[in-house]
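Engineer: Just dropping this structure here.
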Amino acid sequence: MKEGFPAAAREALANSQLRRNLGHATSTIRAKRARVVGEVPDWEALREAGAEIKDRALRHLDVHLERLEEAVTRAGGTVHWARDGAEACAAVAEVARAHGSNEVIKVKSLASDEIGLNEALERAGIHAVETDLAELIIQLDDDMQSHILVPAIHRNRAEIAQIFHRELGVDVSDVPAELTAAARAHLRAKFLSVKVGVSGANFAVAETGHVVVVESEGNGRMCTTLPEVLVSVVGIEKVLPRWRDLEVMLQLLPRSSTGERMNPYTSIWSGVSDGDGPREFHLVLLDGGRTDVLADEVGRDALRCIRCSACLNVCPVYERTGGHAYESIYPGPIGAILTPQLRGLDNAPTLPWASSLCGACYEVCPVKIDIPSILVHLRGRVVRETGTPPTERVAMAAMARVFASRRAYEAAQRAARFGRGPLAGAALRPWTRSRELPEPPSQTFREWWRERGA
Ligand code: SF4
């Protein structure tokens with residue numbers, strides 16, 4: 001974290017164009033999601049089932065991962081175990097190098113962004129070409145993603161047309177068809193010539209060794225079928241025990257993410273097969289801090305996440321600050337609980353406070369992650385493990401003294417009425433900077449009670 005959430009959010013809040021773009025985009029996706037979720041009579045039962053499947057996978061993660069490795073190997077694939085991002089990046093670079101490729105084509109993948117794969121490949125002399133439209137916009141503009149599902153949500157069409165004009169040298173208007181045609185012309189040559197494809201995965205099935213990528217543009221299908229070699233970088237929490245678990249997940253994910261009944265493209269493959277798709281398949285299983293998250297009995301529920309982004313779209317904090325303020329590839333409510341756990345609390349201590357705890361994220365989460373409870377839990381851990389900020393410690397000690405004595409409490413109430421007490425003191429200034437301090441009533445309950453002679 002370069003600045004921490006409060007400073008980064010303050011900067012983002014000054015950008016009114018960003019707020020307009022975000023407000024428009026999130027309200028549109030919210031409405032679509034609500035409509036298609038409302039059509040499913042057993043939606044709550046589906047959510048229960050989704051949570052139960054992910055819990056079962058996480059409870060015996062070691063067993064399922066070994067079953068996955070066996071199944072992928074049996075189907076002709078190669079499994080690489082990566083303890084951290086560096087090992088995962090090295091495995092991908094090694095495969096590309098072994099095939100003499102100085103370029104790879106990529107499907108949108110949060111895991112690869114999390115480990116900085118593009119930058120690591122660039123250092124190894126291999127250029128990664130993003131093929132998802134929004135990821136391409138981000139890459140061309142040397143920008144950073146600000147939403148899990150719609151990485152360029154902070155850009156409007158006019159801004160995108162300018163980026164294409166500047167970086168691709170094409171003259172396009174802000175009409176969506178023209179923008180996509182320009183991207184298509186740029187990418188088509190890459191799909192047909194680059195030998196190595198890189199993907200992430202939404203799910204990996206332990207029982208059968210199948211890897212699943214869902215997407216909307218068809219670029220994922222191209223990347224996973226046209227190249228000679230395919231490498232998939234997958235977080236270990238993406239494993240599902242059984243093939244039939246997909247029945248639940250593939251209903252929950254599209255409705256919660258894009259607000260569609262089903263995905264336009266769902267690619268499912270296992271290993272390699274003669275005359276069909278890549279000749280070589282590598283599965284890189286990434287830990288990257290996930291086993292540490294698993295060790296936290298409360299925080300581990302964050303590993304259920306299927307990256308649908310529904311929690312971002314309903315979050316009043318995200319809607320105003322946008323994704324960059326979270327300084328992580330995982331923004332919004334899920335980022336506030338996942339990033340500090342993956343990076344370590346010391347490296348993201350302010351994120352658990354990036355929430356109003358309104359609970360909207362919990363209500364929409366398709367796998368029922370109780371994000372507010374995890375936020376409160378992580379706040380406690382930050383205070384215990386990294387030390388309470390001195391101002392807060394002093395304020396809390398003063399409050400404890402006031403609340404421990406009736407006389408001190410009544411004196412504080414009287415003082416607050418005149419704006420002099422601890423409630424209006426310097427300790428609360430960071431809080432009152434962005435909120436109004438409630439007016440103390442002209443009469444306390446005790447005074448009112450005494451007045452009646454009780
Ligand atoms: S926490 Fe839940 S709502 Fe948020 S992205 Fe993950 S699965 Fe979706």
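In the structure tokens, chains take letters A, B, ... by order of appearance, with residues numbered from 1 within each chain and ligands from 1 in the order shown.
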Enumerate as JSON, numbers by chain the residues within 10 Å of ligand 1, counting only C-alpha atoms and all ligand atoms.
Structural biologist: {"A": [50, 51, 148, 149, 252, 253, 256, 257, 301, 302, 303, 304, 305, 306, 307, 308, 309, 310, 311, 312, 313, 314, 315, 330, 331, 332, 333, 334, 335, 336, 337, 338, 360, 361, 362, 363, 364, 365, 366, 367, 368, 369, 370, 371]}
Engineer: Enumerate, in order of chain and increasing residue number, the residues of range 190-265 of chain A with an atom no farther than 10 Å from range 125-130 of chain A, each with its shortest atom pair and distance in Å to one decimal, counting only C-alpha atoms, as CSV.
Structural biologist:
```
residue,atom,partner,partner_atom,distance
A:Lys190,CA,A:Val129,CA,8.1
A:Phe191,CA,A:Val129,CA,9.8
A:Val194,CA,A:Val129,CA,9.5
A:Val196,CA,A:Ala128,CA,9.8
A:Gly197,CA,A:Ala128,CA,9.3
A:Val198,CA,A:Ala128,CA,8.7
A:Asn219,CA,A:Glu130,CA,9.6
```
Engineer: So that I can check the surroundings of Gly344 in chain A, please list as a CSV table (one decimal) with C-alpha atoms, in the first residue's frame every protein, DNA and RNA residue that reaches within 12 Å of it, counting only C-alpha atoms and ignoring chain neighbours fewer than 2 positions away.
Structural biologist:
```csv
chain,number,residue,atom,x,y,z
A,1,MET,CA,0.0,0.0,0.0
A,288,GLY,CA,0.2,-16.9,-2.7
A,289,GLY,CA,-0.9,-16.5,0.9
A,290,ARG,CA,-4.1,-18.6,0.6
A,292,ASP,CA,-2.4,-18.4,5.6
A,293,VAL,CA,-6.0,-17.2,5.0
A,337,ILE,CA,-11.2,-8.5,3.4
A,338,LEU,CA,-9.0,-10.4,0.9
A,339,THR,CA,-6.1,-8.0,0.3
A,340,PRO,CA,-5.0,-7.6,4.0
A,341,GLN,CA,-5.2,-11.3,4.4
A,342,LEU,CA,-3.2,-12.2,1.3
A,346,ASP,CA,1.0,-4.8,8.0
A,347,ASN,CA,0.8,-4.1,4.2
A,348,ALA,CA,-2.9,-3.1,4.1
A,349,PRO,CA,-3.9,-2.0,7.6
A,350,THR,CA,-6.5,0.6,6.6
A,351,LEU,CA,-8.6,-1.6,4.3
A,378,LEU,CA,-9.9,-8.0,10.8
A,381,ARG,CA,-6.6,-8.2,14.4
A,382,VAL,CA,-5.1,-5.0,13.0
A,385,GLU,CA,-1.3,-7.3,15.8
A,386,THR,CA,-0.1,-4.0,14.4
```
